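To start, the structure itself, in structure tokens.
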Amino acid sequence: MEALSAIREPLVRNVKSLGEVTDAVSTPLNSKPKALWYGLFFPSVAALILGIVAVTYQIMTGIGTWGNNNPVSWAFAIVNFVFWIGIGHAGTFISAILLLFRQKWRNSINRAAETMTIFAVICAGIFPIIHLGRPWFALWFLPYFPNSRNLWVNFNSPLLWDVFAISTYFTVSLVFWYIGMIPDFATLRDSAKTRVKKIVYGLFSFRWTGSARSWSRHESVSLVLAGLAAPLVLSVHSIVSTDFATSVLPGWHTTIFPPYFVAGAIFSGFAMVMTLMIIMRKIFDFEKYITLYHFEQMAKIIILTGSLVGVAYSTEFFIAWYSSNIFEQYAFINRAFGPYAWSYWIMVTCNVISPQLFWFKKIRTSIPALFVITIFVNIGMWFERFVIVVTSLHRAHLPSSWGYYSPSWVEIAELIGSFGLFLTLFLLFIRVGPYIAIAEVKDLAGKALKK
Amino acid sequence: MNEKYSLDSKTMLISAILVVIGVGAALFAFFSYPEAHHKRFWENILLNNFYFTGIAIGGTFFIAIQYASNAGWSAGLKRIPEAFGAFLPIAALLMLFLFFGGGMDSLYHWAHDPLSVSKKAGYLNKPFFLVRIILIFGIWIFFWWLMRSSSIKEDNDANIKYYMNNRRNSAIFLVLFAITISFGSFDWMMSLESHWFSTMFGVYGFAGVFVQGVAVTILITVFLKQQGYLKHINENHLHDLGKFLFGFSTFWVYIWFFQFMLIWYANMPEETGYFLNRTVGYIKDPSGAMKYYSSSYTILFIINPIINWVIPFVVLMMRNAKRNVKILTSMAVLVLVGHWLDYYLMVFPSNSTYDLAPNPVKFGIAEIGITLGYAGLFILIFAFTLSRASLIPKNHPLLEESLHHHF
């Protein structure tokens, strides 16, 4: 990859020295944040507190505080769970799959995306636990040894596969994220202004010296971890999709679910990365490192995955008709024209129609347009899970088991709380951690300087 | 920089002999097995139509993603998969031959018994099937021609507009491809069992054809290098192609596994019939009860994921294996055999009525000969197309990256 064609867009702009990259990242960490940061942080903490209050009330009172009923026995909690797991996918996709595909533009956005993955999986993990009603029994999810209860977990259940898939995913993502940060912590240690910061960053950097041998091992381990993480991008959401697809419920049982969920997850994840990147770029004035070119590339991935999701919706609809099964057909007609039609059309508008605007170069290189459309996509992807879960459940085969679900204030507060948790963690991280992969950006800047 | 492949008489002779063998085997199959409207003959025609169409469209898809993703490394070998698409018009003609020659009634239960699928007769009927054949192949041929001709014009005119045009063409093609490959798979393969349905089937079709395209690209790249062409292609290019083979045979098995697992798990009779035909074999006796037979397809069903994934996965995992010509080509051959078997398992056990005895495994002169004939035809058309243009797209803006490709 030594030769680089002249038509390639520069990945960093106007960088005059490598030291400039260090300063760009470390200066904000050593000074007071902008008003914009406070403006985001306080509402996020408020949302988090609201969520904590709601969860506490729900655990003390019981699951009856939710709107769940019979037949809609699964609703907000599982919707939020699938939504947050999906958000995490872009981080792994950027850090693992784009690394294997040698997409160098990932270097300036991968750290923030990986960070987002970790926090999104944390948000997701909360929902199955609080759904237990008695969260102190969460350990019973695990088939731990010795088997003290003389009762095995149900290995036939996709919900258990979820436990394995997600804990593996979280572990690998965490290790990958941390190993990538070690050299950057060392850089921050060397540029820290106070003694306390020097010691703390020093501890996190494992006394990284930056020797050639360390770098060589660092690169090998990154590649191996990328190889391990790449199939996880596919497996995690495929397993999540089997929570639904192994059932016999019309609207849930369809074989396209695994790749369709994966495409949707990457789609929503990239939208969230883009939203956060636009905010972060604003907070830190990072126009040099996160350029319009980066946004354009992400927009292209959003068109790709958004169109795949659109193809999956149409395939489901078509095959429901083709199957000649009246229950299948009813499930899909009811989705589009039944009592929950509003949620279906929100989903279609946000997920299928809005990303198609990115075909126009003017739109995919306009920051305000990107910001609005990516938020639309996130709303749409949340509603997609709502449509799948709730509309499939609210009409059972017998009309006597028909119902309607609306969320209670507790569920809405918990959803808002999960956003609060996610944003609080993210905003705190960009105050203390290497939120840009300094070493990897220097790699790009170094090549640009040599020219 | 103006290296050209010249079509030698040896290649022409060998492929002509293969075509003759194929025609002989086809006539043999047609006249020796007249049962059920020459079913065995048509099964072979459909299987090979799909198989070689798969290689042609798989190569075209490969070219499209190279453009859409601004890939530079592959520029030096792009003329190879680019020439695969020249087979598409022939594949279209052969598909029309199947349609008009009597293959429909023999293969597709819905075609000779429309009442059996009365609820979806609006889709599964002959005229609309023909319209879809024409549309699908029309779109593929048009976009292949668009990308190919723009790429060739670029050789004589160093203007970036050809590259930019192809980037746009390939993006549009990719959208249409997702739809056309789905409907192609539904129509030509899934509707063989007219009552069966699986939303995954389009993705399954895509996964297979892409692996085929990559595998044939590997084989031809290595072959041309051994003939003394393509001096600039080194083990790094092969390594990248090997990664594609490794990655997408895994993608294929992912789709294969989940389709099977979800149907097995839910165990709904309207879906499991497809896999019963391919694993145990059963018929309905007059009382309507199912009678199970041990089926000779079982072993093939188990072999399928082993040769299409387990072996290539284990072997190609090592870096050195992807850079070793012998190992890489043997894996490419294995996977090509594997996907022929995969399509064989779609076509031959198909039985929409469930009241006939299970189809036996058929393999003999007909299957081998007809496949060789198609291979000869494919090689002939491919080699001719390849010889029409320079092997190196010398004005490709990313060519330098491919000529100095090492990592």
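Chain lettering (A, B, ...) mirrors the order of the structure tokens, residue numbering begins at 1 for each chain separately, and ligand numbering begins at 1 in order of display.
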Practice prompt. Find the residues near Lys362 of chain B: any atom within 12 Å, counting only C-alpha atoms, skip ones fewer than 3 places away on the same chain, and give them as a ChimeraX atom specification.
Written response: /B:29,33,39-41,43-44,296-297,300,344-345,347-349,358-359,365-368
Worksheet item: What are the residues of chain B that have an atom within 9 Å of an atom of chain A, counting only C-alpha atoms, as an MDAnalysis selection string?
Response: chainID B and resid 70 72:73 117 119:120 123 175 178:179 182 195:203 254:255 258:268 270 397:407
Item to complete: From the DSSP assignment of the backbone, select every residue of segment 86-306 of chain B that is helix (DSSP H, G or I), and format the answer as an MDAnalysis selection string.
Response: chainID B and resid 86:101 103:107 109:112 114:120 126:156 160:192 201:226 235:266 269:279 297:306
Worksheet item: Near segment 326-342 of chain A, within 8 Å and counting only C-alpha atoms, which residues show up once chain neighbours fewer than 6 positions away are dropped, as a PyMOL selection string?
Response: chain A and resi 250-251+317+320+387+391-392+395+397
Discussion item. Residues near segment 266-276 of chain A, anyone? I mean within 7 Å using only C-alpha atoms, not counting same-chain ones fewer than 2 positions away, as a list in words.
Written reply: Gly86, Ile87, Gly88, His89, Ala90, Ala113, Val262, Ala263, Gly264, Ile278, Ile279, Met280, Met298, Ile302, Thr305, Gly306, Phe371, Thr374, Ile375, Val377, Asn378 and Met381 of chain A
Excluding Ala96 of chain A and its own-chain neighbours fewer than 4 positions away, which residues fall within 10 Å of it when counting only C-alpha atoms? Please give them as a PDB file with C-alpha atoms, in the first residue's frame.
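Saved as part33.pdb:
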ATOM      1  CA  ALA A  90     -20.816   0.388  14.099  1.00  0.00           C
ATOM      2  CA  GLY A  91     -17.910   0.527  16.529  1.00  0.00           C
ATOM      3  CA  THR A  92     -16.936  -3.064  15.920  1.00  0.00           C
ATOM      4  CA  LEU A 100      -9.319  -5.719   7.610  1.00  0.00           C
ATOM      5  CA  PHE A 101     -10.491  -3.898   4.481  1.00  0.00           C
ATOM      6  CA  ARG A 102      -7.659  -1.352   4.927  1.00  0.00           C
ATOM      7  CA  ASN A 110     -12.591   4.510  15.299  1.00  0.00           C
ATOM      8  CA  GLU A 114     -15.479   1.822  19.794  1.00  0.00           C
ATOM      9  CA  SER A 173     -14.753  -5.153  22.201  1.00  0.00           C
ATOM     10  CA  PHE A 176      -9.775  -4.329  21.573  1.00  0.00           C
ATOM     11  CA  SER A 222      -4.647  -5.630  16.893  1.00  0.00           C
ATOM     12  CA  LEU A 223      -4.883  -7.704  13.734  1.00  0.00           C
ATOM     13  CA  VAL A 224      -5.644 -10.891  15.652  1.00  0.00           C
ATOM     14  CA  LEU A 225      -8.331  -9.117  17.658  1.00  0.00           C
ATOM     15  CA  ALA A 226      -9.763  -7.626  14.474  1.00  0.00           C
ATOM     16  CA  GLY A 227      -9.971 -11.146  13.061  1.00  0.00           C
ATOM     17  CA  LEU A 228     -11.809 -12.306  16.185  1.00  0.00           C
ATOM     18  CA  ALA A 229     -14.103  -9.297  16.291  1.00  0.00           C
ATOM     19  CA  ALA A 230     -15.117  -9.408  12.614  1.00  0.00           C
ATOM     20  CA  PRO A 231     -17.343 -12.514  12.894  1.00  0.00           C
ATOM     21  CA  LEU A 232     -18.764 -11.079  16.117  1.00  0.00           C
ATOM     22  CA  VAL A 233     -20.246  -8.190  14.142  1.00  0.00           C
TER      23      VAL A 233
END
Response to the item:
Separating atom CA of Ile392 of chain B from atom CA of Met12 of chain B, to the nearest tenth of an Å, is a gap of 22.5 Å
